[in-house]
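Have a look at coords.cif; it's mmCIF, C-alpha atoms and all ligand atoms:
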data_model
loop_
_atom_site.label_atom_id
_atom_site.label_comp_id
_atom_site.auth_asym_id
_atom_site.auth_seq_id
_atom_site.Cartn_x
_atom_site.Cartn_y
_atom_site.Cartn_z
CA MET A 1 8.49 -8.88 17.80
CA ILE A 2 11.73 -10.42 16.60
CA LYS A 3 14.48 -8.00 15.72
CA PHE A 4 17.76 -8.79 13.96
CA GLU A 5 20.40 -6.17 14.69
CA SER A 6 23.58 -6.32 12.57
CA VAL A 7 23.54 -10.11 12.78
CA VAL A 8 26.49 -11.96 11.24
CA LYS A 9 27.13 -15.67 11.03
CA LYS A 10 30.52 -16.84 9.89
CA TYR A 11 31.01 -20.62 10.02
CA PRO A 12 34.36 -21.98 11.25
CA ASP A 13 35.43 -22.80 7.66
CA GLY A 14 35.12 -19.11 6.80
CA THR A 15 31.73 -19.24 5.00
CA VAL A 16 29.79 -16.07 5.69
CA ALA A 17 26.19 -17.32 5.71
CA VAL A 18 24.58 -14.15 7.10
CA ASN A 19 26.20 -10.78 6.67
CA GLY A 20 24.89 -7.89 8.72
CA LEU A 21 21.19 -8.70 8.79
CA ASP A 22 18.89 -5.97 10.12
CA LEU A 23 15.17 -6.57 10.14
CA VAL A 24 12.08 -6.59 12.31
CA ALA A 25 9.46 -9.34 12.24
CA PRO A 26 6.37 -7.79 13.85
CA SER A 27 4.31 -9.61 16.49
CA GLY A 28 1.32 -11.56 15.30
CA LYS A 29 2.44 -11.46 11.65
CA ILE A 30 4.02 -13.86 9.19
CA THR A 31 7.45 -12.83 7.96
CA VAL A 32 8.78 -15.00 5.13
CA PHE A 33 12.49 -15.45 4.39
CA VAL A 34 12.88 -16.29 0.73
CA GLY A 35 15.86 -16.50 -1.58
CA PRO A 36 18.02 -18.85 -3.63
CA SER A 37 19.72 -21.92 -2.19
CA GLY A 38 22.52 -21.04 0.22
CA CYS A 39 21.45 -17.45 0.89
CA GLY A 40 21.32 -18.04 4.65
CA LYS A 41 17.60 -18.56 5.30
CA THR A 42 17.96 -21.60 7.55
CA THR A 43 20.98 -20.14 9.33
CA SER A 44 19.01 -16.93 10.07
CA LEU A 45 16.03 -18.91 11.33
CA ARG A 46 18.07 -21.17 13.60
CA MET A 47 19.86 -18.25 15.18
CA ILE A 48 16.51 -17.14 16.61
CA ASN A 49 16.18 -20.20 18.86
CA ARG A 50 19.97 -20.49 19.20
CA MET A 51 20.34 -23.81 17.44
CA ILE A 52 23.06 -21.73 15.76
CA GLU A 53 24.89 -18.97 17.64
CA PRO A 54 25.45 -15.68 15.79
CA THR A 55 29.08 -14.63 15.34
CA SER A 56 28.12 -11.04 16.13
CA GLY A 57 25.05 -8.86 16.40
CA THR A 58 21.92 -9.29 18.50
CA ILE A 59 18.57 -10.96 18.01
CA TRP A 60 15.86 -9.50 20.21
CA LEU A 61 12.67 -11.27 21.18
CA ASP A 62 10.49 -8.38 22.28
CA ASP A 63 12.77 -6.62 24.78
CA GLN A 64 14.93 -9.67 25.53
CA ASP A 65 18.37 -10.21 24.06
CA THR A 66 18.10 -13.89 23.05
CA GLY A 67 21.84 -14.32 23.69
CA LYS A 68 21.23 -13.61 27.36
CA VAL A 69 18.35 -16.03 27.97
CA SER A 70 18.95 -19.72 28.64
CA GLU A 71 18.33 -21.86 25.58
CA SER A 72 15.66 -23.93 27.30
CA THR A 73 13.73 -20.86 28.47
CA LEU A 74 14.01 -19.37 25.00
CA ARG A 75 12.82 -22.50 23.20
CA ARG A 76 9.84 -22.93 25.51
CA GLY A 77 8.27 -19.93 23.82
CA ILE A 78 9.23 -20.91 20.28
CA GLY A 79 7.58 -23.65 18.20
CA TYR A 80 9.69 -25.17 15.45
CA VAL A 81 8.45 -26.97 12.33
CA ILE A 82 10.71 -28.51 9.68
CA GLN A 83 10.42 -30.20 6.31
CA HIS A 84 9.34 -33.88 6.57
CA ALA A 85 7.89 -32.91 9.98
CA GLY A 86 10.73 -34.63 11.90
CA LEU A 87 8.35 -36.78 13.94
CA PHE A 88 9.50 -39.48 16.35
CA PRO A 89 8.84 -42.70 14.40
CA HIS A 90 8.25 -44.91 17.45
CA ARG A 91 5.77 -42.61 19.14
CA THR A 92 2.09 -42.47 18.27
CA ILE A 93 0.66 -39.30 16.74
CA VAL A 94 -0.96 -38.25 20.00
CA ASP A 95 2.34 -38.71 21.86
CA ASN A 96 4.31 -36.90 19.17
CA ILE A 97 2.06 -33.88 19.52
CA ALA A 98 2.25 -34.04 23.33
CA THR A 99 6.08 -34.03 23.32
CA VAL A 100 6.63 -30.46 24.52
CA PRO A 101 3.76 -30.33 27.06
CA LEU A 102 5.10 -33.56 28.63
CA LEU A 103 8.61 -32.08 28.74
CA LEU A 104 7.11 -29.08 30.48
CA GLY A 105 5.66 -31.40 33.11
CA TRP A 106 1.97 -31.39 32.15
CA ASP A 107 0.14 -34.45 33.42
CA LYS A 108 -0.49 -37.10 30.77
CA LYS A 109 -4.24 -36.69 30.64
CA LYS A 110 -4.05 -32.96 30.06
CA ALA A 111 -1.30 -33.36 27.42
CA ARG A 112 -3.34 -35.98 25.53
CA ALA A 113 -6.45 -33.82 25.65
CA ARG A 114 -4.43 -30.94 24.23
CA SER A 115 -3.09 -33.22 21.46
CA LEU A 116 -6.56 -34.29 20.46
CA GLU A 117 -7.77 -30.69 20.43
CA LEU A 118 -4.86 -29.73 18.19
CA MET A 119 -5.45 -32.65 15.83
CA GLU A 120 -8.90 -31.26 15.23
CA ARG A 121 -7.55 -27.74 14.76
CA VAL A 122 -5.09 -28.79 12.04
CA GLY A 123 -7.69 -30.94 10.29
CA LEU A 124 -6.54 -34.44 11.33
CA ASP A 125 -8.98 -37.27 11.85
CA PRO A 126 -8.96 -38.16 15.60
CA ASN A 127 -8.80 -41.84 14.57
CA PHE A 128 -5.15 -41.22 13.64
CA ALA A 129 -4.24 -40.59 17.29
CA ARG A 130 -2.97 -44.11 17.91
CA ARG A 131 -1.19 -44.48 14.58
CA TYR A 132 2.55 -44.10 14.03
CA PRO A 133 3.97 -41.46 11.66
CA ALA A 134 4.79 -44.01 8.92
CA GLN A 135 1.09 -44.85 8.75
CA LEU A 136 0.23 -41.29 7.64
CA SER A 137 0.65 -39.54 4.28
CA GLY A 138 3.30 -36.84 3.88
CA GLY A 139 0.69 -34.08 4.10
CA GLN A 140 -0.85 -35.58 7.23
CA GLN A 141 2.60 -35.84 8.82
CA GLN A 142 3.17 -32.14 8.14
CA ARG A 143 -0.09 -31.35 9.92
CA VAL A 144 1.16 -33.35 12.90
CA GLY A 145 4.39 -31.33 12.76
CA VAL A 146 2.41 -28.08 12.93
CA ALA A 147 0.22 -29.43 15.76
CA ARG A 148 3.31 -30.50 17.71
CA ALA A 149 4.87 -27.05 17.36
CA LEU A 150 1.65 -25.44 18.60
CA ALA A 151 1.14 -27.81 21.52
CA ALA A 152 2.51 -25.59 24.29
CA ASP A 153 0.95 -22.52 22.67
CA PRO A 154 4.24 -20.68 22.01
CA PRO A 155 3.88 -17.05 20.90
CA VAL A 156 6.56 -17.56 18.22
CA MET A 157 6.77 -20.18 15.47
CA LEU A 158 9.77 -20.89 13.27
CA MET A 159 8.90 -22.84 10.15
CA ASP A 160 11.61 -24.13 7.81
CA GLU A 161 10.18 -25.20 4.44
CA PRO A 162 7.38 -27.03 6.24
CA PHE A 163 5.30 -27.72 3.13
CA SER A 164 8.03 -28.40 0.57
CA ALA A 165 7.99 -32.18 0.64
CA VAL A 166 4.38 -32.68 -0.48
CA ASP A 167 2.69 -32.52 -3.88
CA PRO A 168 1.36 -29.18 -5.15
CA VAL A 169 -2.30 -29.89 -4.40
CA VAL A 170 -1.68 -30.96 -0.80
CA ARG A 171 0.74 -28.08 -0.46
CA GLY A 172 -1.97 -25.61 -1.48
CA GLU A 173 -4.36 -27.13 1.06
CA LEU A 174 -1.76 -26.98 3.84
CA GLN A 175 -1.05 -23.34 3.01
CA ASP A 176 -4.76 -22.43 3.06
CA GLU A 177 -5.28 -24.14 6.39
CA PHE A 178 -2.14 -22.61 7.82
CA LEU A 179 -3.49 -19.13 6.93
CA ARG A 180 -6.86 -19.97 8.46
CA LEU A 181 -5.17 -21.21 11.64
CA GLN A 182 -2.96 -18.13 11.84
CA SER A 183 -5.99 -15.85 11.46
CA GLU A 184 -7.32 -17.47 14.65
CA LEU A 185 -4.02 -17.73 16.56
CA GLY A 186 -2.08 -14.60 15.56
CA LYS A 187 1.39 -16.05 16.26
CA THR A 188 4.63 -14.27 15.42
CA ILE A 189 5.89 -16.45 12.60
CA ILE A 190 9.10 -16.68 10.61
CA PHE A 191 8.59 -18.91 7.61
CA VAL A 192 11.45 -20.04 5.36
CA THR A 193 10.85 -21.06 1.75
CA HIS A 194 12.71 -20.98 -1.55
CA ASP A 195 9.39 -20.65 -3.41
CA ILE A 196 8.43 -17.06 -4.19
CA ASP A 197 4.79 -17.97 -4.85
CA GLU A 198 4.54 -19.50 -1.39
CA ALA A 199 6.25 -16.41 0.08
CA VAL A 200 3.83 -14.04 -1.62
CA LYS A 201 0.81 -16.12 -0.64
CA LEU A 202 1.68 -16.53 3.04
CA GLY A 203 3.72 -13.51 4.03
CA ASP A 204 2.46 -10.35 5.66
CA GLN A 205 5.95 -9.23 4.78
CA VAL A 206 8.63 -10.92 2.72
CA ALA A 207 12.39 -10.67 3.19
CA VAL A 208 14.28 -11.52 -0.01
CA LEU A 209 17.83 -12.66 0.81
CA LYS A 210 20.83 -12.83 -1.52
CA VAL A 211 23.61 -15.40 -1.51
CA GLY A 212 26.22 -14.04 0.87
CA GLY A 213 23.52 -13.49 3.47
CA THR A 214 22.40 -9.95 2.80
CA LEU A 215 18.88 -8.57 2.70
CA ALA A 216 17.86 -7.50 -0.82
CA GLN A 217 14.38 -6.22 0.04
CA LEU A 218 11.89 -6.35 2.90
CA ALA A 219 8.39 -5.48 1.72
CA SER A 220 4.76 -6.52 1.58
CA PRO A 221 4.01 -9.09 -1.13
CA ALA A 222 2.15 -6.50 -3.24
CA GLU A 223 5.04 -4.06 -3.04
CA LEU A 224 7.55 -6.76 -3.91
CA LEU A 225 5.60 -7.61 -7.05
CA THR A 226 4.95 -4.06 -8.19
CA ASP A 227 8.10 -2.34 -7.01
CA PRO A 228 11.11 -4.69 -6.81
CA VAL A 229 14.09 -2.74 -5.58
CA ASP A 230 16.67 -4.07 -8.07
CA ASP A 231 17.27 -6.53 -10.92
CA PHE A 232 18.00 -9.37 -8.51
CA VAL A 233 14.63 -9.03 -6.77
CA ALA A 234 12.81 -8.43 -10.09
CA GLY A 235 14.37 -11.60 -11.50
CA PHE A 236 13.64 -13.59 -8.37
CA VAL A 237 10.06 -12.40 -8.15
CA GLY A 238 9.70 -13.63 -11.71
CA ARG A 239 7.42 -13.29 -14.65
CA ASP A 240 3.75 -12.28 -14.73
CA ARG A 241 4.31 -10.17 -11.64
CA GLY A 242 1.93 -7.45 -12.79
CA TYR A 243 -0.81 -10.03 -13.14
CA ARG A 244 0.13 -11.74 -9.86
CA ALA A 245 0.04 -8.38 -8.06
CA LEU A 246 -3.67 -8.22 -8.94
CA GLY A 247 -4.11 -10.92 -6.33
CA PHE A 248 -3.71 -8.15 -3.75
CA GLU A 249 -6.13 -5.71 -5.39
CA SER A 250 -9.76 -5.94 -4.52
CA GLY A 251 -12.47 -3.59 -5.64
CA THR A 252 -16.20 -3.68 -5.83
CA LEU A 253 -17.29 -4.73 -9.26
CA ASP A 254 -20.73 -3.94 -10.64
CA ALA A 255 -22.00 -7.42 -11.23
CA ALA A 256 -24.61 -7.74 -13.98
CA SER A 257 -27.58 -9.85 -13.02
CA GLU A 258 -27.64 -13.18 -14.76
CA GLN A 259 -30.73 -15.18 -15.62
CA THR A 260 -30.30 -18.72 -14.47
CA VAL A 261 -31.59 -22.19 -15.22
CA LYS A 262 -31.93 -25.30 -13.05
CA PHE A 263 -31.69 -29.02 -13.66
CA GLY A 264 -35.03 -30.12 -15.04
CA ASP A 265 -35.77 -26.84 -16.86
CA ASP A 266 -36.81 -27.38 -20.47
CA SER A 267 -35.12 -26.17 -23.63
CA ALA A 268 -37.52 -23.24 -24.08
CA THR A 269 -36.59 -21.88 -20.64
CA VAL A 270 -32.88 -22.27 -21.43
CA LEU A 271 -33.27 -20.44 -24.75
CA ARG A 272 -35.02 -17.55 -23.01
CA ALA A 273 -32.41 -17.39 -20.26
CA GLY A 274 -29.40 -17.78 -22.48
CA ARG A 275 -27.90 -14.38 -23.17
CA ASP A 276 -25.39 -14.74 -26.08
CA GLY A 277 -26.29 -18.41 -26.34
CA TRP A 278 -25.13 -19.35 -22.83
CA ALA A 279 -27.16 -19.85 -19.66
CA LEU A 280 -25.85 -20.36 -16.15
CA ALA A 281 -27.18 -23.36 -14.26
CA VAL A 282 -27.54 -23.06 -10.46
CA ASP A 283 -28.75 -25.34 -7.67
CA GLU A 284 -31.58 -24.71 -5.21
CA ALA A 285 -29.34 -22.41 -3.12
CA ARG A 286 -28.37 -20.45 -6.28
CA ARG A 287 -24.86 -21.89 -6.22
CA PRO A 288 -23.44 -21.95 -9.76
CA LEU A 289 -23.05 -25.42 -11.26
CA GLY A 290 -21.80 -24.61 -14.76
CA TRP A 291 -22.76 -23.10 -18.09
CA VAL A 292 -25.21 -24.59 -20.57
CA ARG A 293 -25.01 -23.79 -24.29
CA SER A 294 -28.61 -23.02 -25.22
CA ALA A 295 -28.28 -24.53 -28.70
CA ALA A 296 -27.08 -27.81 -27.20
CA VAL A 297 -30.38 -28.44 -25.41
CA PRO A 298 -32.56 -30.30 -27.94
CA SER A 299 -36.07 -29.00 -28.15
CA GLY A 300 -38.30 -30.56 -25.53
CA LYS A 301 -35.29 -31.84 -23.55
CA GLN A 302 -34.44 -30.90 -20.00
CA VAL A 303 -31.23 -29.57 -18.53
CA GLY A 304 -29.15 -32.30 -16.89
CA PRO A 305 -25.57 -32.54 -15.58
CA GLU A 306 -24.30 -33.95 -18.90
CA LEU A 307 -24.91 -30.56 -20.57
CA LEU A 308 -22.78 -28.58 -18.13
CA HIS A 309 -19.54 -26.82 -19.10
CA ARG A 310 -17.62 -26.54 -15.85
CA GLY A 311 -14.60 -24.61 -17.14
CA GLY A 312 -15.21 -21.23 -15.55
CA THR A 313 -13.62 -20.47 -12.19
CA LEU A 314 -15.70 -18.71 -9.52
CA ALA A 315 -14.61 -15.47 -7.89
CA SER A 316 -15.72 -14.08 -4.57
CA VAL A 317 -17.48 -10.74 -4.98
CA SER A 318 -15.25 -9.33 -2.23
CA GLY A 319 -12.14 -11.11 -3.49
CA SER A 320 -9.21 -10.07 -5.65
CA LEU A 321 -9.39 -8.54 -9.12
CA ARG A 322 -7.07 -11.31 -10.26
CA ALA A 323 -9.68 -13.93 -9.32
CA ALA A 324 -12.43 -11.91 -11.04
CA LEU A 325 -10.37 -11.56 -14.22
CA ASP A 326 -9.55 -15.26 -14.15
CA ALA A 327 -13.25 -16.09 -13.73
CA ALA A 328 -14.08 -14.02 -16.83
CA LEU A 329 -11.19 -15.38 -18.92
CA SER A 330 -11.96 -18.99 -18.04
CA SER A 331 -15.72 -18.75 -18.54
CA PRO A 332 -17.08 -20.34 -21.72
CA SER A 333 -19.62 -17.50 -21.98
CA GLY A 334 -16.96 -14.81 -21.39
CA ARG A 335 -18.86 -13.75 -18.28
CA GLY A 336 -17.07 -14.34 -15.00
CA VAL A 337 -19.24 -15.64 -12.18
CA LEU A 338 -19.13 -13.76 -8.86
CA ILE A 339 -20.38 -15.45 -5.69
CA ASP A 340 -21.03 -14.35 -2.12
CA GLU A 341 -19.61 -15.84 1.08
CA ASN A 342 -22.20 -18.65 0.96
CA GLY A 343 -21.22 -19.60 -2.57
CA ALA A 344 -24.44 -18.19 -4.04
CA LEU A 345 -24.50 -16.32 -7.34
CA VAL A 346 -24.22 -12.52 -7.14
CA GLY A 347 -23.89 -11.83 -10.86
CA THR A 348 -21.35 -11.80 -13.67
CA VAL A 349 -18.62 -9.52 -15.05
CA THR A 350 -16.72 -9.43 -18.32
CA ALA A 351 -12.94 -9.26 -18.62
CA ALA A 352 -13.28 -5.74 -20.08
CA GLU A 353 -15.16 -4.59 -16.98
CA VAL A 354 -12.53 -6.02 -14.68
CA VAL A 355 -9.72 -4.45 -16.72
CA GLN A 356 -11.51 -1.10 -16.55
CA ARG A 357 -11.56 -1.39 -12.76
CA ILE A 358 -7.88 -2.33 -12.73
CA GLU A 359 -7.06 0.73 -14.84
CA SER A 360 -8.96 3.05 -12.54
CA HIS A 361 -6.97 1.63 -9.60
CA LEU A 362 -3.71 2.19 -11.47
CA HIS A 363 -4.65 5.80 -12.28
CA ALA A 364 -5.62 6.46 -8.66
CA ARG A 365 -2.31 5.02 -7.49
CA ARG A 366 -0.31 7.09 -9.98
CA ASP A 367 -2.16 10.25 -8.98
CA GLN A 368 -1.45 9.51 -5.32
CA HIS A 369 2.19 8.86 -6.15
CA ASP A 370 2.45 12.11 -8.13
CA GLU A 371 0.81 14.09 -5.33
CA GLY A 372 3.22 12.48 -2.85
CA ALA A 373 6.14 13.41 -5.08
CA VAL A 374 4.94 17.03 -5.36
CA SER A 375 4.23 17.48 -1.65
CA GLY A 376 7.39 15.54 -0.75
CA GLY A 377 9.54 17.55 -3.14
N1 LIG A 401 27.80 -25.89 9.37
C1 LIG A 401 28.20 -25.19 8.29
N2 LIG A 401 29.48 -24.99 8.03
C2 LIG A 401 29.91 -24.27 6.97
N3 LIG A 401 29.07 -23.68 6.12
C3 LIG A 401 27.75 -23.84 6.32
C4 LIG A 401 27.26 -24.61 7.41
N4 LIG A 401 25.89 -24.59 7.37
C5 LIG A 401 25.58 -23.85 6.28
N5 LIG A 401 26.67 -23.41 5.65
C6 LIG A 401 26.75 -22.54 4.48
O1 LIG A 401 26.13 -21.30 4.79
C7 LIG A 401 25.41 -20.81 3.66
C8 LIG A 401 23.96 -20.59 4.04
O2 LIG A 401 23.36 -21.84 4.34
P1 LIG A 401 21.82 -21.98 4.75
O3 LIG A 401 21.54 -23.42 4.99
O4 LIG A 401 21.54 -21.03 5.83
O5 LIG A 401 21.14 -21.49 3.41
P2 LIG A 401 19.64 -21.61 2.91
O6 LIG A 401 19.30 -20.32 2.29
O7 LIG A 401 18.77 -22.11 4.00
O8 LIG A 401 19.80 -22.72 1.77
P3 LIG A 401 18.75 -23.83 1.19
O9 LIG A 401 17.63 -23.08 0.56
O10 LIG A 401 19.58 -24.56 0.18
O11 LIG A 401 18.35 -24.68 2.36
C9 LIG A 401 25.62 -21.83 2.55
O12 LIG A 401 26.68 -21.41 1.74
C10 LIG A 401 26.00 -23.09 3.30
O13 LIG A 401 26.82 -23.92 2.50
#
Would you give me this structure, written as structure tokens?
Amino acid sequence: MIKFESVVKKYPDGTVAVNGLDLVAPSGKITVFVGPSGCGKTTSLRMINRMIEPTSGTIWLDDQDTGKVSESTLRRGIGYVIQHAGLFPHRTIVDNIATVPLLLGWDKKKARARSLELMERVGLDPNFARRYPAQLSGGQQQRVGVARALAADPPVMLMDEPFSAVDPVVRGELQDEFLRLQSELGKTIIFVTHDIDEAVKLGDQVAVLKVGGTLAQLASPAELLTDPVDDFVAGFVGRDRGYRALGFESGTLDAASEQTVKFGDDSATVLRAGRDGWALAVDEARRPLGWVRSAAVPSGKQVGPELLHRGGTLASVSGSLRAALDAALSSPSGRGVLIDENGALVGTVTAAEVVQRIESHLHARRDQHDEGAVSGG
């Protein structure tokens, strides 16, 4: 656990970067600091490992006052990742990752073995081990940065805009892999970003900071989207927040069974299968491939890849209602395709069915809220 207690940082020129911050970042969870430029995110982060000293207040790491521990002891237990990875340009990838273990006195062989293990963990080709940072893409360098921070297995990780310098597709991949890694490692993480979508995707809890260094709201992503505490947070959280909040709602949907066709099936089969003029093509493992418009299969012809409409997104049957609604809205047939954990077809749902489920969730939540208000009042 990391606990900020009335923490203030006033720089020598009089700038108050952080003004009385109180918050707890629970162990094993990701806490995201988000807010506009200059709101004190980086200053708050760097006070944790004492790269910046607070002017007043205390930062606790579990039951230790960080101000009373030596900086080197403190930093041994804290991994640190920054934008552009900050790798040593003249050291190979394997040596970059081994930096902290070598500083801690591990023997070279053990440190290298640990580096290689971590390269695999963060999804880096082991053939990159002998390369230099400049010979890697930006996204690959960020993975090295994460591996380096994890090398000595610190319980705490501080991450300052680690994925900001890469394109949106690579960024999405890095985020997904970071979440997968965290689900295995369970580190206590503070993650700084100025991007609210990234905050909401990655955070177990999100701290929205205001310029002047005060905390506007500390909440779960779903709560932030559905119940912003003031106009500043509502504005910062942005548009479409009701829709985005659906990303945190899951609910079992009654999937209708869908007749399917396969490559090689003839036009008569497609016509029979095609409810409303559309049939869903699947592979041997019943994984959806795309929709076929029955009328577009000339009589006597067979289904081939050229007839596929691939527009519809796929939603996991145990996933969010947002993904299910998106699957229905993006499907050329109007039927959203639901798949299981192996990617195989479970069935389909319409947008109306998903909306009905959303409404029943909303009613249940309002009823709960009303009951709480009655019993509370
Ligand atoms: N060394 C310094 N001396 C004086 N003022 C500083 C110093 N470092 C930061 N500041 C100021 O403190 C405030 C908070 O800065 P900080 O870098 O913590 O913000 P941030 O939220 O991380 O911003 P960004 O998103 O732009 O990186 C800003 O007004 C900044 O100009």
| A:Pro305, A:Gly242, A:Pro54, A:Gly264: which is nearest ligand LIG 401 (chain A), counting all atoms listed in the file? |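 Of A:Pro305, A:Gly242, A:Pro54, A:Gly264, the one nearest ligand LIG 401 (chain A), counting all atoms listed in the file, is A:Pro54.
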| task | Using all atoms listed in the file, give me every residue within 10 Å of (-6.0, -35.9, 21.0) in file coordinates, as an NGL selection string. | result | :A and (93-95 or 97-98 or 109-120 or 124-130)
Exercise: residues within 9 Å of coordinate (8.7, -10.0, 6.6), counting only C-alpha atoms, as a PDB file with C-alpha atoms, keeping the file's coordinate frame:
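The new file point_31.pdb reads:
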ATOM      1  CA  LEU A  23      15.170  -6.570  10.140  1.00  0.00           C
ATOM      2  CA  VAL A  24      12.080  -6.590  12.310  1.00  0.00           C
ATOM      3  CA  ALA A  25       9.460  -9.340  12.240  1.00  0.00           C
ATOM      4  CA  PRO A  26       6.370  -7.790  13.850  1.00  0.00           C
ATOM      5  CA  LYS A  29       2.440 -11.460  11.650  1.00  0.00           C
ATOM      6  CA  ILE A  30       4.020 -13.860   9.190  1.00  0.00           C
ATOM      7  CA  THR A  31       7.450 -12.830   7.960  1.00  0.00           C
ATOM      8  CA  VAL A  32       8.780 -15.000   5.130  1.00  0.00           C
ATOM      9  CA  PHE A  33      12.490 -15.450   4.390  1.00  0.00           C
ATOM     10  CA  ILE A 190       9.100 -16.680  10.610  1.00  0.00           C
ATOM     11  CA  PHE A 191       8.590 -18.910   7.610  1.00  0.00           C
ATOM     12  CA  GLY A 203       3.720 -13.510   4.030  1.00  0.00           C
ATOM     13  CA  ASP A 204       2.460 -10.350   5.660  1.00  0.00           C
ATOM     14  CA  GLN A 205       5.950  -9.230   4.780  1.00  0.00           C
ATOM     15  CA  VAL A 206       8.630 -10.920   2.720  1.00  0.00           C
ATOM     16  CA  ALA A 207      12.390 -10.670   3.190  1.00  0.00           C
ATOM     17  CA  VAL A 208      14.280 -11.520  -0.010  1.00  0.00           C
ATOM     18  CA  LEU A 218      11.890  -6.350   2.900  1.00  0.00           C
ATOM     19  CA  ALA A 219       8.390  -5.480   1.720  1.00  0.00           C
ATOM     20  CA  SER A 220       4.760  -6.520   1.580  1.00  0.00           C
TER      21      SER A 220
END
| Which polymer residues have any atom within 6 Å of an atom of Ile189 in chain A, counting only C-alpha atoms, with same-chain residues fewer than 3 positions away left out, as a ChimeraX atom specification? | /A:30,156-158
| said: What residues of the protein or nucleic acid chains come within 9 Å of ligand LIG 401 (chain A) when you use all atoms listed in the file? Reply as a ChimeraX atom specification. | reply: /A:9-18,33-46,52,160-161,192-194,209-213
| task | In Å, rounded to a single decimal, give me how far CA of Gln259 in chain A is from CA of Ala279 in chain A. | result | 7.1 Å
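Within 6 Å of range 314-326 of chain A, once all atoms listed in the file are used and residues closer than 5 positions along the same chain are dropped, the contacting residues are Leu246, Gly247, Glu249, Ser250, Val337, Leu338, Ile339, Asp340, Ala351 and Val354 of chain A.
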| message | Calculated over all atoms listed in the file, which of the candidates A:Val122, A:Ile2, A:Leu185, A:Ala134 has the smallest distance to His90 in chain A? | response | A:Ala134
| query | What does the distance between CA of His309 in chain A and CA of Gly290 in chain A come to in Å, to one decimal place? | reply | 5.4 Å
| Nearest to Ala147 in chain A: which of A:Trp106, A:Trp291, A:Phe178, A:Tyr132 is it, counting all atoms listed in the file? | A:Phe178
| Near-Gly145 in chain A list (8 Å; all atoms listed in the file; drop same-chain fewer than 6 positions) as JSON, numbers by chain | {"A": [81, 82, 85, 86, 87, 97]}
| task | Go ahead and compute the interatomic distance for CA of Leu289 in chain A and CA of Ile358 in chain A, in Å to one decimal. | result |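 Computing the Euclidean distance for CA of Leu289 in chain A and CA of Ile358 in chain A yields 27.7 Å.
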Step by step, gather every atom of range 285-288 of chain A that the file lists, find the box along x, y and z that holds them, add 5 Å on each side, and finally give centre and edge lengths in Å to one decimal, as JSON.
{"center_x": -26.4, "center_y": -21.4, "center_z": -6.4, "size_x": 15.9, "size_y": 12.0, "size_z": 16.6}
| What lies within 8 Å of range 181-183 of chain A using all atoms listed in the file, ignoring chain neighbours under 4 positions off, as an MDAnalysis selection string? | chainID A and resid 121:122 177 187
| said: Which residue is closest to Gln217 in chain A? Choose from A:Asp197, A:Asp22, A:Glu5, A:Asp176 and count only C-alpha atoms. | reply: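 For Gln217 in chain A, the nearest of the given residues is A:Asp22.
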| query | Any idea what's packed within 6 Å of Ala327 in chain A, counting only C-alpha atoms, ignoring anything in its chain fewer than 4 positions away? Could you give it as a PyMOL selection string? | reply | chain A and resi 312-314+336
| Quick one: of A:Ala295, A:Leu362, A:Leu174, A:Leu345, who's nearest to Trp278 in chain A, counting all atoms listed in the file? |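 Among the listed residues, A:Ala295 lies closest to Trp278 in chain A.
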| request: Can you work out which one of A:Arg365, A:Lys301, A:Arg357, A:Arg143 has the shortest atom-to-atom distance to Phe263 in chain A, counting all atoms listed in the file? | output: A:Lys301
